[in-house]
Amino acid sequence: MTVNEDEILHRYGLRPVAGHLDQFRDLLMAQTELERQGQGYGNTEVLKISCAMPA
């Protein structure tokens, strides 16, 4: 999935609702794994947004 920062924020916001958490986590895990396999393979926009999300 290739999306930009604005699309991610529009879809999930900085505080994803409970119904979107699993979907966002799956996206985050997939992009993290791609990035782990090689720098630049994952969508770092997803990774950066997750860093800005409150705990």
# chains A, B, ... in the order shown; residues from 1 in each chain; ligands from 1
call {"tool": "residues_around", "arguments": {"residues": "range 36-44 of chain A", "least_positions_apart": "5", "cutoff": "10 Å", "atoms": "only C-alpha atoms", "output": "list of chain:residue names"}}
result
A:Met1, A:Thr2, A:Val3, A:Asn4, A:Glu5, A:Leu27, A:Leu28, A:Met29, A:Ala30, A:Gln31, A:Ile49, A:Ser50
call {"tool": "atom_distance", "arguments": {"atom1": "CA of Arg15 in chain A", "atom2": "CA of Pro54 in chain A"}}
result
7.1 Å
call {"tool": "select_by_dssp", "arguments": {"residues": "chain A", "states": "alpha helix (DSSP H)", "output": "PyMOL selection string"}}
result
chain A and resi 5-12+18-37+44-52
call {"tool": "write_last_selection", "arguments": {"atoms": "N, CA and C atoms", "output": "compact mmCIF listing (two decimals), in the first residue's frame"}}
result
# COMPACT_ATOMS: atom_id res chain seq x y z
N GLU A 5 1.32 10.89 3.81
CA GLU A 5 1.01 11.30 5.18
C GLU A 5 -0.42 11.84 5.31
N ASP A 6 -0.86 12.65 4.37
CA ASP A 6 -2.21 13.22 4.44
C ASP A 6 -3.28 12.13 4.36
N GLU A 7 -3.08 11.14 3.51
CA GLU A 7 -4.04 10.05 3.39
C GLU A 7 -4.11 9.21 4.66
N ILE A 8 -2.96 8.97 5.26
CA ILE A 8 -2.93 8.19 6.50
C ILE A 8 -3.65 8.95 7.62
N LEU A 9 -3.35 10.24 7.75
CA LEU A 9 -4.01 11.04 8.78
C LEU A 9 -5.51 11.15 8.54
N HIS A 10 -5.91 11.26 7.29
CA HIS A 10 -7.34 11.33 6.96
C HIS A 10 -8.03 10.02 7.30
N ARG A 11 -7.39 8.91 6.98
CA ARG A 11 -7.99 7.59 7.20
C ARG A 11 -8.03 7.21 8.68
N TYR A 12 -6.92 7.45 9.41
CA TYR A 12 -6.81 6.97 10.78
C TYR A 12 -6.78 8.06 11.84
N ALA A 18 -11.20 2.62 17.77
CA ALA A 18 -11.01 1.21 18.09
C ALA A 18 -11.24 0.29 16.89
N GLY A 19 -12.21 0.63 16.06
CA GLY A 19 -12.51 -0.20 14.89
C GLY A 19 -11.43 -0.20 13.82
N HIS A 20 -10.53 0.78 13.86
CA HIS A 20 -9.45 0.87 12.87
C HIS A 20 -8.10 0.43 13.41
N LEU A 21 -8.01 0.14 14.70
CA LEU A 21 -6.72 -0.19 15.29
C LEU A 21 -6.09 -1.42 14.67
N ASP A 22 -6.85 -2.49 14.50
CA ASP A 22 -6.28 -3.70 13.91
C ASP A 22 -5.80 -3.46 12.49
N GLN A 23 -6.58 -2.71 11.72
CA GLN A 23 -6.20 -2.39 10.34
C GLN A 23 -4.92 -1.56 10.32
N PHE A 24 -4.82 -0.57 11.19
CA PHE A 24 -3.62 0.26 11.24
C PHE A 24 -2.42 -0.56 11.72
N ARG A 25 -2.62 -1.39 12.71
CA ARG A 25 -1.52 -2.23 13.21
C ARG A 25 -1.02 -3.18 12.12
N ASP A 26 -1.93 -3.76 11.35
CA ASP A 26 -1.52 -4.64 10.26
C ASP A 26 -0.70 -3.88 9.22
N LEU A 27 -1.14 -2.66 8.89
CA LEU A 27 -0.42 -1.82 7.94
C LEU A 27 0.96 -1.49 8.50
N LEU A 28 1.02 -1.12 9.76
CA LEU A 28 2.29 -0.77 10.40
C LEU A 28 3.24 -1.97 10.43
N MET A 29 2.73 -3.14 10.79
CA MET A 29 3.58 -4.34 10.83
C MET A 29 4.11 -4.69 9.44
N ALA A 30 3.26 -4.58 8.43
CA ALA A 30 3.69 -4.90 7.07
C ALA A 30 4.77 -3.93 6.59
N GLN A 31 4.59 -2.65 6.85
CA GLN A 31 5.57 -1.66 6.40
C GLN A 31 6.87 -1.77 7.20
N THR A 32 6.76 -2.11 8.48
CA THR A 32 7.95 -2.31 9.31
C THR A 32 8.75 -3.49 8.78
N GLU A 33 8.08 -4.56 8.43
CA GLU A 33 8.77 -5.74 7.90
C GLU A 33 9.44 -5.43 6.56
N LEU A 34 8.76 -4.70 5.69
CA LEU A 34 9.38 -4.32 4.42
C LEU A 34 10.62 -3.47 4.65
N GLU A 35 10.55 -2.53 5.58
CA GLU A 35 11.69 -1.67 5.87
C GLU A 35 12.83 -2.47 6.50
N ARG A 36 12.47 -3.47 7.32
CA ARG A 36 13.48 -4.32 7.92
C ARG A 36 14.24 -5.10 6.85
N GLN A 37 13.55 -5.51 5.80
CA GLN A 37 14.17 -6.27 4.71
C GLN A 37 15.14 -5.43 3.89
N THR A 44 7.74 4.74 4.79
CA THR A 44 8.17 5.38 6.03
C THR A 44 7.17 6.43 6.52
N GLU A 45 6.25 6.87 5.67
CA GLU A 45 5.20 7.78 6.12
C GLU A 45 4.38 7.12 7.22
N VAL A 46 4.05 5.84 7.04
CA VAL A 46 3.29 5.10 8.05
C VAL A 46 4.09 5.02 9.34
N LEU A 47 5.37 4.75 9.22
CA LEU A 47 6.22 4.61 10.41
C LEU A 47 6.35 5.95 11.14
N LYS A 48 6.50 7.04 10.40
CA LYS A 48 6.63 8.36 11.04
C LYS A 48 5.34 8.76 11.75
N ILE A 49 4.19 8.50 11.13
CA ILE A 49 2.91 8.85 11.75
C ILE A 49 2.73 8.08 13.05
N SER A 50 3.10 6.81 13.06
CA SER A 50 2.91 6.01 14.28
C SER A 50 3.76 6.56 15.42
N CYS A 51 4.89 7.16 15.12
CA CYS A 51 5.73 7.77 16.16
C CYS A 51 5.06 9.00 16.79
N ALA A 52 4.23 9.67 16.04
CA ALA A 52 3.57 10.88 16.53
C ALA A 52 2.28 10.59 17.28
